[in-house]
$ cat run-v2.cif   # mmCIF, C-alpha atoms
data_my_file
#
loop_
_atom_site.label_atom_id
_atom_site.label_comp_id
_atom_site.auth_asym_id
_atom_site.auth_seq_id
_atom_site.Cartn_x
_atom_site.Cartn_y
_atom_site.Cartn_z
CA MET A 18 -143.39 -47.02 8.54
CA ASP A 19 -141.07 -49.12 10.71
CA PHE A 20 -138.29 -47.82 12.97
CA LYS A 21 -135.52 -48.28 10.39
CA ASP A 22 -137.43 -46.32 7.75
CA GLN A 23 -138.16 -43.51 10.22
CA ILE A 24 -134.48 -43.18 11.16
CA LEU A 25 -133.37 -43.20 7.53
CA GLN A 26 -136.02 -40.63 6.65
CA LEU A 27 -134.78 -38.35 9.43
CA ALA A 28 -131.17 -38.91 8.32
CA GLY A 29 -132.11 -37.90 4.79
CA ARG A 30 -133.55 -34.58 6.00
CA VAL A 31 -130.63 -33.58 8.23
CA GLU A 32 -128.15 -32.21 5.67
CA LYS A 33 -130.88 -30.20 3.93
CA LEU A 34 -131.78 -28.51 7.23
CA LEU A 35 -128.26 -27.69 8.48
CA PRO A 36 -127.78 -24.35 6.60
CA GLN A 37 -130.89 -22.95 8.33
CA LEU A 38 -129.89 -23.96 11.87
CA LYS A 39 -127.99 -20.95 13.23
CA THR A 40 -128.52 -21.58 16.96
CA GLU A 41 -128.52 -24.42 19.49
CA GLU A 42 -132.26 -23.96 19.97
CA ALA A 43 -132.83 -24.37 16.23
CA THR A 44 -130.71 -27.56 16.28
CA LYS A 45 -132.80 -28.92 19.14
CA ASN A 46 -136.11 -28.16 17.44
CA ALA A 47 -135.20 -29.36 13.93
CA LEU A 48 -132.94 -32.34 14.66
CA ILE A 49 -132.97 -33.56 18.24
CA MET A 50 -136.67 -33.34 19.11
CA PRO A 51 -137.62 -35.27 15.92
CA PHE A 52 -135.00 -37.87 16.88
CA ILE A 53 -136.54 -38.28 20.35
CA GLN A 54 -139.93 -38.57 18.67
CA VAL A 55 -138.66 -41.36 16.40
CA LEU A 56 -137.65 -43.20 19.58
CA GLY A 57 -141.36 -43.30 20.41
CA TYR A 58 -141.57 -40.57 23.06
CA GLU A 59 -144.12 -37.75 23.11
CA VAL A 60 -141.86 -34.70 23.02
CA PHE A 61 -144.60 -32.38 24.31
CA ASN A 62 -145.57 -34.64 27.19
CA PRO A 63 -143.47 -33.69 30.26
CA PHE A 64 -144.26 -37.08 31.84
CA GLU A 65 -142.23 -38.66 29.01
CA VAL A 66 -139.86 -35.89 27.87
CA ASN A 67 -139.06 -33.30 30.53
CA PRO A 68 -137.37 -30.21 29.00
CA GLU A 69 -134.78 -28.30 31.03
CA PHE A 70 -134.80 -30.97 33.70
CA ILE A 71 -133.44 -29.64 37.02
CA ALA A 72 -130.45 -31.57 38.40
CA ASP A 73 -129.16 -29.81 41.50
CA ILE A 74 -125.49 -30.23 42.46
CA GLY A 75 -124.65 -29.65 46.12
CA ILE A 76 -125.17 -26.01 46.88
CA LYS A 77 -125.88 -25.26 43.23
CA LYS A 78 -129.61 -25.16 42.71
CA GLY A 79 -131.64 -24.90 39.55
CA GLU A 80 -128.99 -26.48 37.29
CA LYS A 81 -130.66 -27.84 34.19
CA VAL A 82 -130.16 -30.54 31.57
CA ASP A 83 -131.79 -29.98 28.15
CA TYR A 84 -134.05 -33.03 28.27
CA ALA A 85 -134.75 -36.01 30.49
CA ILE A 86 -136.57 -39.10 29.23
CA MET A 87 -138.87 -40.05 32.10
CA LYS A 88 -140.29 -43.35 33.30
CA ASP A 89 -142.46 -43.76 36.38
CA GLY A 90 -141.64 -40.22 37.43
CA GLU A 91 -137.86 -40.72 37.35
CA PRO A 92 -135.32 -39.81 34.64
CA THR A 93 -133.86 -42.75 32.72
CA ILE A 94 -131.90 -40.88 30.04
CA LEU A 95 -130.40 -37.40 30.42
CA ILE A 96 -129.87 -35.55 27.14
CA GLU A 97 -127.57 -32.59 26.62
CA CYS A 98 -127.72 -30.77 23.28
CA LYS A 99 -125.18 -28.68 21.40
CA HIS A 100 -125.26 -26.66 18.19
CA HIS A 101 -124.57 -28.88 15.19
CA LEU A 102 -121.22 -27.14 14.54
CA GLU A 103 -120.06 -27.57 18.14
CA LYS A 104 -117.71 -30.41 19.12
CA LEU A 105 -118.85 -32.87 21.76
CA ASP A 106 -116.68 -33.08 24.87
CA PRO A 107 -118.16 -34.97 27.86
CA HIS A 108 -115.66 -33.44 30.33
CA ASN A 109 -116.90 -29.94 29.58
CA SER A 110 -120.56 -30.89 29.52
CA GLN A 111 -123.21 -30.49 32.16
CA LEU A 112 -124.13 -34.10 31.48
CA PHE A 113 -120.82 -35.30 32.94
CA ARG A 114 -121.38 -33.24 36.10
CA TYR A 115 -125.07 -34.02 36.63
CA PHE A 116 -125.12 -37.74 35.89
CA HIS A 117 -124.53 -38.84 39.50
CA THR A 118 -127.17 -36.51 40.95
CA THR A 119 -130.12 -38.37 39.39
CA LYS A 120 -131.33 -41.94 39.03
CA ALA A 121 -130.75 -41.83 35.27
CA LYS A 122 -128.76 -44.81 33.99
CA PHE A 123 -127.86 -43.36 30.61
CA GLY A 124 -126.62 -40.04 29.29
CA LEU A 125 -126.88 -38.83 25.68
CA LEU A 126 -124.65 -36.05 24.36
CA THR A 127 -125.53 -34.85 20.86
CA ASN A 128 -125.25 -32.00 18.39
CA GLY A 129 -127.99 -33.43 16.17
CA LEU A 130 -125.46 -35.13 13.91
CA THR A 131 -123.39 -37.27 16.26
CA TYR A 132 -125.10 -39.14 19.09
CA ARG A 133 -123.04 -40.46 22.02
CA PHE A 134 -124.58 -42.71 24.66
CA TYR A 135 -122.90 -43.02 28.07
CA THR A 136 -123.39 -45.07 31.23
CA ASP A 137 -121.35 -45.95 34.33
CA LEU A 138 -119.37 -49.07 33.41
CA ASP A 139 -116.05 -47.92 34.90
CA GLU A 140 -117.32 -46.53 38.21
CA LYS A 141 -120.87 -46.79 39.53
CA ASN A 142 -122.89 -43.56 39.47
CA LYS A 143 -120.10 -41.74 37.62
CA MET A 144 -120.50 -41.26 33.89
CA ASP A 145 -117.77 -42.91 31.80
CA SER A 146 -115.47 -40.60 29.88
CA SER A 147 -116.04 -42.54 26.65
CA PRO A 148 -119.41 -43.56 25.16
CA PHE A 149 -120.44 -47.20 24.86
CA PHE A 150 -122.42 -46.43 21.71
CA GLU A 151 -121.89 -43.71 19.12
CA PHE A 152 -123.09 -43.01 15.60
CA THR A 153 -123.45 -40.19 13.07
CA ILE A 154 -127.02 -40.08 11.83
CA THR A 155 -126.14 -39.13 8.24
CA GLU A 156 -123.89 -42.21 8.04
CA ILE A 157 -125.86 -44.60 10.25
CA LYS A 158 -125.30 -48.30 9.56
CA GLU A 159 -127.70 -51.23 9.73
CA THR A 160 -126.01 -52.63 12.86
CA GLU A 161 -126.24 -49.22 14.57
CA ILE A 162 -129.97 -48.99 13.85
CA VAL A 163 -130.40 -52.38 15.55
CA GLU A 164 -128.62 -51.11 18.68
CA LEU A 165 -130.46 -47.78 18.64
CA LYS A 166 -133.82 -49.56 18.51
CA LYS A 167 -133.15 -50.82 22.05
CA PHE A 168 -133.67 -47.22 23.24
CA HIS A 169 -137.12 -47.05 21.64
CA LYS A 170 -139.91 -46.61 24.18
CA SER A 171 -141.49 -49.91 23.13
CA TYR A 172 -138.30 -51.94 23.67
CA PHE A 173 -136.46 -49.95 26.33
CA ASP A 174 -135.11 -52.22 29.05
CA ILE A 175 -132.35 -50.91 31.33
CA GLU A 176 -131.01 -54.34 32.23
CA SER A 177 -130.86 -55.52 28.62
CA ILE A 178 -129.02 -52.40 27.41
CA THR A 179 -126.63 -52.46 30.39
CA ASN A 180 -125.73 -56.08 29.63
CA THR A 181 -124.67 -55.18 26.09
CA ALA A 182 -123.17 -51.77 26.89
CA SER A 183 -119.83 -53.18 28.04
CA GLU A 184 -119.43 -55.30 24.89
CA LEU A 185 -120.37 -52.36 22.67
CA LYS A 186 -117.96 -50.02 24.42
CA TYR A 187 -114.94 -52.29 24.07
CA LEU A 188 -115.94 -53.35 20.58
CA ASN A 189 -115.92 -49.70 19.47
CA GLU A 190 -112.65 -48.96 21.26
CA LEU A 191 -110.94 -51.97 19.69
CA LYS A 192 -112.35 -51.07 16.27
CA ASN A 193 -110.98 -47.54 16.57
CA LEU A 194 -107.63 -48.86 17.79
CA LEU A 195 -107.32 -51.29 14.87
CA ASN A 196 -108.32 -48.60 12.41
CA LYS A 197 -105.67 -46.27 13.83
CA GLU A 198 -103.02 -49.00 13.63
CA MET A 199 -103.97 -49.86 10.05
CA LEU A 200 -103.59 -46.27 8.92
CA ALA A 201 -100.36 -45.62 10.85
CA PRO A 202 -98.90 -48.78 12.44
CA SER A 203 -97.18 -48.06 15.76
CA ASP A 204 -93.73 -49.39 16.64
CA HIS A 205 -95.20 -51.97 19.01
CA PHE A 206 -97.77 -53.09 16.41
CA VAL A 207 -95.09 -53.49 13.72
CA SER A 208 -92.81 -55.40 16.12
CA PHE A 209 -95.58 -57.81 17.14
CA PHE A 210 -96.48 -58.85 13.58
CA THR A 211 -92.95 -58.79 12.20
CA LYS A 212 -91.84 -61.29 14.85
CA GLN A 213 -94.48 -63.73 13.58
CA VAL A 214 -92.96 -63.92 10.08
CA TYR A 215 -89.35 -62.69 10.34
CA ALA A 216 -86.74 -64.91 11.98
CA GLY A 217 -83.84 -62.41 11.93
CA VAL A 218 -82.84 -59.69 14.36
CA LEU A 219 -85.56 -57.05 14.67
CA THR A 220 -83.53 -53.92 13.94
CA ALA A 221 -84.89 -50.43 13.38
CA LYS A 222 -84.25 -50.83 9.64
CA VAL A 223 -86.19 -54.09 9.51
CA LYS A 224 -89.17 -52.52 11.30
CA GLU A 225 -89.03 -49.58 8.91
CA GLN A 226 -89.26 -52.02 5.99
CA PHE A 227 -92.11 -54.04 7.50
CA GLY A 228 -94.29 -51.04 8.47
CA PRO A 229 -95.65 -50.39 4.94
CA ILE A 230 -95.93 -54.15 4.29
CA ILE A 231 -98.11 -54.67 7.38
CA LYS A 232 -100.23 -51.65 6.47
CA ARG A 233 -100.73 -52.95 2.94
CA SER A 234 -101.53 -56.46 4.24
CA PHE A 235 -104.51 -55.15 6.18
CA PHE A 236 -105.93 -53.32 3.18
CA VAL A 237 -105.47 -56.38 0.94
CA LEU A 238 -107.18 -58.52 3.59
CA ILE A 239 -110.15 -56.15 3.73
CA SER A 240 -110.31 -55.91 -0.06
CA ASP A 241 -110.30 -59.72 -0.39
CA ALA A 242 -113.06 -60.02 2.21
CA ILE A 243 -115.22 -57.48 0.35
CA ASN A 244 -114.65 -59.25 -2.97
CA GLU A 245 -115.57 -62.61 -1.45
CA ARG A 246 -118.81 -61.21 -0.10
CA LEU A 247 -119.62 -59.64 -3.46
CA LYS A 248 -118.91 -62.94 -5.22
CA SER A 249 -121.14 -64.76 -2.75
CA ALA A 250 -123.95 -62.28 -3.39
CA LEU A 251 -123.42 -62.58 -7.14
CA ASN A 252 -123.56 -66.37 -6.96
CA GLN A 253 -126.89 -66.19 -5.15
CA GLU A 254 -128.22 -63.83 -7.78
CA LYS A 255 -126.85 -66.10 -10.47
CA GLN A 256 -128.82 -69.06 -9.07
CA ILE A 257 -132.01 -67.03 -9.24
CA GLU A 258 -131.41 -65.78 -12.77
CA VAL A 259 -129.70 -68.80 -14.30
CA ALA A 260 -133.05 -70.22 -15.44
CA GLU A 261 -133.67 -67.08 -17.47
CA ALA A 262 -130.14 -66.91 -18.86
CA GLY A 263 -130.84 -69.43 -21.61
CA LYS A 264 -133.88 -67.51 -22.81
CA LEU A 265 -132.00 -64.22 -22.76
CA GLU A 266 -129.10 -65.78 -24.58
CA GLY A 267 -131.30 -66.97 -27.43
CA ALA A 268 -133.44 -63.87 -27.64
CA MET A 269 -130.64 -61.34 -27.52
CA ALA A 270 -128.02 -63.00 -29.68
CA THR A 271 -127.30 -61.10 -32.91
CA GLU A 272 -125.49 -64.00 -34.59
CA PRO A 273 -126.50 -67.63 -35.17
CA ALA A 274 -126.79 -69.44 -31.85
CA SER A 275 -124.73 -72.36 -33.12
CA ASN A 276 -121.68 -70.08 -33.41
CA ILE A 277 -122.02 -68.48 -29.96
CA VAL A 278 -121.28 -70.00 -26.56
CA THR A 279 -121.90 -67.87 -23.49
CA THR A 280 -119.26 -68.89 -20.96
CA GLU A 281 -119.43 -68.92 -17.16
CA GLU A 282 -116.69 -66.28 -17.16
CA GLU A 283 -118.80 -63.96 -19.34
CA LEU A 284 -121.84 -64.43 -17.11
CA GLU A 285 -119.77 -63.74 -14.00
CA GLY A 286 -118.47 -60.55 -15.64
CA PHE A 287 -122.08 -59.58 -16.43
CA TYR A 288 -123.16 -60.08 -12.80
CA ILE A 289 -120.22 -58.04 -11.53
CA VAL A 290 -121.11 -55.10 -13.80
CA LYS A 291 -124.78 -55.44 -12.90
CA SER A 292 -124.02 -55.36 -9.15
CA LEU A 293 -121.80 -52.27 -9.54
CA LEU A 294 -124.55 -50.41 -11.39
CA ARG A 295 -127.63 -51.51 -9.45
CA GLN A 296 -127.39 -48.68 -6.90
CA HIS A 297 -127.75 -46.21 -9.79
CA VAL A 298 -130.10 -48.04 -12.21
CA GLU A 299 -132.68 -50.78 -11.76
CA ALA A 300 -131.09 -54.22 -12.05
CA LYS A 301 -133.66 -55.37 -14.62
CA ARG A 302 -132.49 -52.60 -17.00
CA VAL A 303 -129.00 -54.13 -17.30
CA THR A 304 -128.98 -56.95 -19.86
CA TYR A 305 -126.53 -58.64 -22.22
CA ARG A 306 -126.11 -59.87 -25.78
CA ASP A 307 -123.43 -62.34 -26.64
CA ALA A 308 -121.53 -62.30 -29.92
CA GLN A 309 -118.75 -64.44 -31.37
CA SER A 310 -116.00 -61.88 -30.77
CA TYR A 311 -117.26 -60.07 -27.67
CA PHE A 312 -119.85 -60.04 -24.89
CA ALA A 313 -121.95 -56.84 -24.79
CA ILE A 314 -123.65 -55.46 -21.66
CA LEU A 315 -126.56 -53.16 -22.53
CA LEU A 316 -128.98 -50.75 -20.94
CA ASP A 317 -132.70 -51.46 -21.54
CA ASP A 318 -131.88 -54.37 -23.87
CA ASN A 319 -131.04 -51.78 -26.53
CA ASN A 320 -128.12 -52.46 -28.88
CA ARG A 321 -127.60 -48.68 -29.20
CA LYS A 322 -127.18 -48.40 -25.43
CA THR A 323 -123.96 -50.34 -24.95
CA ILE A 324 -122.63 -49.90 -21.41
CA CYS A 325 -119.50 -51.93 -22.08
CA ARG A 326 -118.08 -54.94 -23.89
CA LEU A 327 -116.07 -57.81 -22.46
CA TYR A 328 -113.39 -59.51 -24.52
CA LEU A 329 -112.68 -62.71 -22.62
CA GLY A 330 -111.04 -66.05 -23.32
CA GLY A 331 -108.10 -64.75 -25.35
CA ALA A 332 -104.43 -64.32 -24.52
CA LYS A 333 -105.35 -60.90 -23.17
CA GLU A 334 -108.73 -59.95 -21.74
CA TYR A 335 -110.31 -56.49 -21.88
CA LEU A 336 -113.15 -54.37 -20.60
CA VAL A 337 -114.15 -51.84 -23.30
CA VAL A 338 -116.21 -48.71 -22.68
CA LEU A 339 -117.37 -46.31 -25.40
CA ASP A 340 -116.47 -42.66 -24.80
CA GLU A 341 -118.49 -39.56 -25.77
CA ALA A 342 -117.35 -39.94 -29.40
CA LYS A 343 -118.33 -43.65 -29.43
CA LYS A 344 -114.66 -44.63 -29.55
CA GLU A 345 -113.51 -47.72 -27.67
CA VAL A 346 -111.53 -47.18 -24.48
CA LYS A 347 -109.79 -50.44 -23.56
CA TYR A 348 -108.89 -51.56 -20.04
CA GLU A 349 -106.79 -54.72 -19.81
CA LEU A 350 -108.01 -57.20 -17.18
CA GLN A 351 -105.69 -59.50 -15.26
CA SER A 352 -108.81 -61.19 -13.85
CA LEU A 353 -112.53 -60.46 -13.59
CA ASP A 354 -111.86 -58.73 -10.26
CA GLY A 355 -110.19 -56.01 -12.31
CA ILE A 356 -113.67 -54.82 -13.36
CA TYR A 357 -114.13 -53.34 -9.88
CA GLN A 358 -111.27 -50.91 -10.60
CA HIS A 359 -113.27 -49.34 -13.45
CA THR A 360 -116.53 -48.65 -11.61
CA GLU A 361 -116.34 -44.91 -12.35
CA ALA A 362 -115.93 -45.53 -16.08
CA LEU A 363 -118.99 -47.81 -16.08
CA LEU A 364 -121.08 -45.29 -14.14
CA ALA A 365 -119.99 -42.53 -16.51
CA ALA A 366 -121.05 -44.67 -19.48
CA VAL A 367 -124.51 -45.18 -17.98
CA ALA A 368 -124.79 -41.45 -17.23
CA ARG A 369 -123.99 -40.64 -20.88
CA LEU A 370 -126.61 -43.11 -22.12
CA GLU A 371 -129.27 -41.72 -19.76
CA LYS A 372 -128.46 -38.19 -20.81
CA ALA A 373 -128.50 -39.03 -24.52
CA LYS A 374 -131.94 -40.75 -24.23
CA VAL A 375 -131.16 -42.95 -27.17
#
$ encode --input "run-v2.cif" --output "structure tokens"
Amino acid sequence: MDFKDQILQLAGRVEKLLPQLKTEEATKNALIMPFIQVLGYEVFNPFEVNPEFIADIGIKKGEKVDYAIMKDGEPTILIECKHHLEKLDPHNSQLFRYFHTTKAKFGLLTNGLTYRFYTDLDEKNKMDSSPFFEFTITEIKETEIVELKKFHKSYFDIESITNTASELKYLNELKNLLNKEMLAPSDHFVSFFTKQVYAGVLTAKVKEQFGPIIKRSFFVLISDAINERLKSALNQEKQIEVAEAGKLEGAMATEPASNIVTTEEELEGFYIVKSLLRQHVEAKRVTYRDAQSYFAILLDDNNRKTICRLYLGGAKEYLVVLDEAKKEVKYELQSLDGIYQHTEALLAAVARLEKAKV
């Protein structure tokens, strides 16, 4: 099992374990120690993972950090743990106070769900107030797994991580800033963009009008980008399956082939529906049968398992889904992209078919 699979396996267990974790010690044993283990360290070997590592501060002796990842007899990563329901605040943590007393280059503050990695980018030997890398394990992304892998025992290199820490820190801060501005554009943000497109006097009323427009523009931009990526993926899939399309078309047609022409638009609609459903059913189970008046998308190549029908090429175009009583529910489409708006209806149709076991 590779590193990615191990992390995802741990992530899948976390939510099931949470109700049983009543204490910080339980959180450490069930969530954080397995996480350290996935990073390749022997959790019961004090030469690699030193529990309750002593980090004396001035006249204070015997002060301890929950864990220290060791290398050549010196700590490289200090880890402070909290109960999974506790909020993480570096200013109130022992980690923030102890960082400068050791040779450790990195600090990790975690409650078993959220993991925050710190270093000393702003001031040498003083832990930064904000992490350069942060993720929630139950929502971990592919790019975050790539960054996390750098902390694995087999790949750990202080210089390499330090070189990317600054970029990661500012990337995350800018991402959070942009997200905040998209949700609630500030006065300065609105003024900056309005000036680019509006030639008149920038009054308070004008800014009030442009605020919602700017907010909507960002969401449209993101939506368009997602649709373009989906279309690109669909086109690649289409190239792979186009050779089989002719065979399917002939085999699955219920009317004479001479009267039926499967259009590019119908095939594109089929691939959109197939991509929306593939996270819930195997892609090979979603097939189609073309007819003169409509294009049917089926489950298991079974005419009694109609997921939906597409009525394309007319003055008005429709997506049709059969309800529990087998009655048609029509959704008018302005374009094929409109199919994305009815994902829930398509998933519900598949759920009904699976439950019925036709």
$ resolve_selection --input "run-v2.cif" --expression "the PyMOL selection byres ((chain A and resi 211) around 12)" --output "list in words"
Pro202, Asp204, His205, Phe206, Val207, Ser208, Phe209, Phe210, Lys212, Gln213, Val214, Tyr215, Ala216, Gly217, Val218, Leu219, Thr220, Ala221, Val223, Lys224, Glu225, Gln226, Phe227, Gly228, Pro229, Ile230, Ile231, Lys232 and Ser234 of chain A
$ residues_around --input "run-v2.cif" --residues "Leu138 (chain A)" --least-positions-apart "3" --cutoff "9 Å" --atoms "only C-alpha atoms" --output "short mmCIF file (atom, residue, chain, number, x, y, z; two decimals) with C-alpha atoms, in the coordinates of the input"
data_model
loop_
_atom_site.label_atom_id
_atom_site.label_comp_id
_atom_site.auth_asym_id
_atom_site.auth_seq_id
_atom_site.Cartn_x
_atom_site.Cartn_y
_atom_site.Cartn_z
CA TYR A 135 -122.90 -43.02 28.07
CA LYS A 141 -120.87 -46.79 39.53
CA ASN A 142 -122.89 -43.56 39.47
CA LYS A 143 -120.10 -41.74 37.62
CA MET A 144 -120.50 -41.26 33.89
CA ASP A 145 -117.77 -42.91 31.80
CA PHE A 149 -120.44 -47.20 24.86
CA THR A 179 -126.63 -52.46 30.39
CA ALA A 182 -123.17 -51.77 26.89
CA SER A 183 -119.83 -53.18 28.04
#
$ resolve_selection --input "run-v2.cif" --expression "the PyMOL selection byres ((chain A and resi 312-316) around 7)" --output "number ranges by chain"
A: 283, 287, 302-308, 311, 317-320, 322-328
$ resolve_selection --input "run-v2.cif" --expression "the PyMOL selection byres ((chain A and resi 367) around 10)" --output "PyMOL selection string"
chain A and resi 294+297-298+315-316+322-325+361-366+368-373
$ atom_distance --input "run-v2.cif" --atom1 "CA of Asp22 (chain A)" --atom2 "CA of Arg295 (chain A)"
20.5 Å
$ build_atoms --input "run-v2.cif" --residues "region 19-28 of chain A" --atoms "all heavy atoms" --output "PDB file, in the frame of the given file"
ATOM      1  N   ASP A  19    -141.749 -48.528   9.560  1.00  0.00           N
ATOM      2  CA  ASP A  19    -141.070 -49.120  10.710  1.00  0.00           C
ATOM      3  C   ASP A  19    -139.935 -48.226  11.205  1.00  0.00           C
ATOM      4  O   ASP A  19    -139.644 -47.174  10.619  1.00  0.00           O
ATOM      5  CB  ASP A  19    -140.554 -50.531  10.373  1.00  0.00           C
ATOM      6  CG  ASP A  19    -139.480 -50.536   9.293  1.00  0.00           C
ATOM      7  OD1 ASP A  19    -138.925 -49.464   8.981  1.00  0.00           O
ATOM      8  OD2 ASP A  19    -139.181 -51.613   8.761  1.00  0.00           O
ATOM      9  N   PHE A  20    -139.295 -48.641  12.313  1.00  0.00           N
ATOM     10  CA  PHE A  20    -138.290 -47.820  12.970  1.00  0.00           C
ATOM     11  C   PHE A  20    -137.123 -47.496  12.033  1.00  0.00           C
ATOM     12  O   PHE A  20    -136.667 -46.345  11.962  1.00  0.00           O
ATOM     13  CB  PHE A  20    -137.776 -48.552  14.213  1.00  0.00           C
ATOM     14  CG  PHE A  20    -136.708 -47.806  14.959  1.00  0.00           C
ATOM     15  CD1 PHE A  20    -137.015 -46.665  15.683  1.00  0.00           C
ATOM     16  CD2 PHE A  20    -135.388 -48.229  14.926  1.00  0.00           C
ATOM     17  CE1 PHE A  20    -136.028 -45.959  16.371  1.00  0.00           C
ATOM     18  CE2 PHE A  20    -134.397 -47.537  15.605  1.00  0.00           C
ATOM     19  CZ  PHE A  20    -134.723 -46.402  16.324  1.00  0.00           C
ATOM     20  N   LYS A  21    -136.647 -48.485  11.304  1.00  0.00           N
ATOM     21  CA  LYS A  21    -135.520 -48.280  10.390  1.00  0.00           C
ATOM     22  C   LYS A  21    -135.856 -47.209   9.357  1.00  0.00           C
ATOM     23  O   LYS A  21    -135.046 -46.298   9.102  1.00  0.00           O
ATOM     24  CB  LYS A  21    -135.167 -49.591   9.695  1.00  0.00           C
ATOM     25  CG  LYS A  21    -134.069 -49.469   8.649  1.00  0.00           C
ATOM     26  CD  LYS A  21    -133.829 -50.785   7.946  1.00  0.00           C
ATOM     27  CE  LYS A  21    -132.856 -50.635   6.798  1.00  0.00           C
ATOM     28  NZ  LYS A  21    -132.644 -51.907   6.063  1.00  0.00           N
ATOM     29  N   ASP A  22    -137.029 -47.298   8.769  1.00  0.00           N
ATOM     30  CA  ASP A  22    -137.430 -46.320   7.750  1.00  0.00           C
ATOM     31  C   ASP A  22    -137.539 -44.916   8.336  1.00  0.00           C
ATOM     32  O   ASP A  22    -137.185 -43.925   7.685  1.00  0.00           O
ATOM     33  CB  ASP A  22    -138.776 -46.724   7.129  1.00  0.00           C
ATOM     34  CG  ASP A  22    -138.672 -47.986   6.288  1.00  0.00           C
ATOM     35  OD1 ASP A  22    -137.564 -48.248   5.783  1.00  0.00           O
ATOM     36  OD2 ASP A  22    -139.673 -48.700   6.149  1.00  0.00           O
ATOM     37  N   GLN A  23    -138.035 -44.815   9.573  1.00  0.00           N
ATOM     38  CA  GLN A  23    -138.160 -43.510  10.220  1.00  0.00           C
ATOM     39  C   GLN A  23    -136.794 -42.868  10.454  1.00  0.00           C
ATOM     40  O   GLN A  23    -136.607 -41.672  10.222  1.00  0.00           O
ATOM     41  CB  GLN A  23    -138.902 -43.658  11.550  1.00  0.00           C
ATOM     42  CG  GLN A  23    -140.386 -43.947  11.403  1.00  0.00           C
ATOM     43  CD  GLN A  23    -141.056 -44.108  12.759  1.00  0.00           C
ATOM     44  OE1 GLN A  23    -140.625 -44.888  13.589  1.00  0.00           O
ATOM     45  NE2 GLN A  23    -142.118 -43.352  12.987  1.00  0.00           N
ATOM     46  N   ILE A  24    -135.834 -43.682  10.923  1.00  0.00           N
ATOM     47  CA  ILE A  24    -134.480 -43.180  11.160  1.00  0.00           C
ATOM     48  C   ILE A  24    -133.834 -42.736   9.854  1.00  0.00           C
ATOM     49  O   ILE A  24    -133.217 -41.662   9.767  1.00  0.00           O
ATOM     50  CB  ILE A  24    -133.610 -44.249  11.856  1.00  0.00           C
ATOM     51  CG1 ILE A  24    -134.006 -44.369  13.333  1.00  0.00           C
ATOM     52  CG2 ILE A  24    -132.123 -43.919  11.760  1.00  0.00           C
ATOM     53  CD1 ILE A  24    -133.692 -43.145  14.177  1.00  0.00           C
ATOM     54  N   LEU A  25    -133.971 -43.541   8.826  1.00  0.00           N
ATOM     55  CA  LEU A  25    -133.370 -43.200   7.530  1.00  0.00           C
ATOM     56  C   LEU A  25    -134.027 -41.971   6.918  1.00  0.00           C
ATOM     57  O   LEU A  25    -133.368 -41.164   6.261  1.00  0.00           O
ATOM     58  CB  LEU A  25    -133.462 -44.398   6.573  1.00  0.00           C
ATOM     59  CG  LEU A  25    -132.635 -45.629   6.964  1.00  0.00           C
ATOM     60  CD1 LEU A  25    -132.860 -46.768   5.975  1.00  0.00           C
ATOM     61  CD2 LEU A  25    -131.151 -45.284   7.045  1.00  0.00           C
ATOM     62  N   GLN A  26    -135.319 -41.824   7.139  1.00  0.00           N
ATOM     63  CA  GLN A  26    -136.020 -40.630   6.650  1.00  0.00           C
ATOM     64  C   GLN A  26    -135.501 -39.385   7.354  1.00  0.00           C
ATOM     65  O   GLN A  26    -135.256 -38.355   6.718  1.00  0.00           O
ATOM     66  CB  GLN A  26    -137.525 -40.792   6.872  1.00  0.00           C
ATOM     67  CG  GLN A  26    -138.352 -39.647   6.290  1.00  0.00           C
ATOM     68  CD  GLN A  26    -139.834 -39.819   6.553  1.00  0.00           C
ATOM     69  OE1 GLN A  26    -140.281 -39.750   7.694  1.00  0.00           O
ATOM     70  NE2 GLN A  26    -140.606 -40.066   5.504  1.00  0.00           N
ATOM     71  N   LEU A  27    -135.329 -39.477   8.678  1.00  0.00           N
ATOM     72  CA  LEU A  27    -134.780 -38.350   9.430  1.00  0.00           C
ATOM     73  C   LEU A  27    -133.354 -38.044   8.969  1.00  0.00           C
ATOM     74  O   LEU A  27    -132.994 -36.885   8.769  1.00  0.00           O
ATOM     75  CB  LEU A  27    -134.783 -38.674  10.933  1.00  0.00           C
ATOM     76  CG  LEU A  27    -134.152 -37.625  11.858  1.00  0.00           C
ATOM     77  CD1 LEU A  27    -134.884 -36.293  11.745  1.00  0.00           C
ATOM     78  CD2 LEU A  27    -134.158 -38.124  13.307  1.00  0.00           C
ATOM     79  N   ALA A  28    -132.559 -39.086   8.772  1.00  0.00           N
ATOM     80  CA  ALA A  28    -131.170 -38.910   8.320  1.00  0.00           C
ATOM     81  C   ALA A  28    -131.125 -38.196   6.973  1.00  0.00           C
ATOM     82  O   ALA A  28    -130.258 -37.354   6.719  1.00  0.00           O
ATOM     83  CB  ALA A  28    -130.477 -40.267   8.219  1.00  0.00           C
TER      84      ALA A  28
END
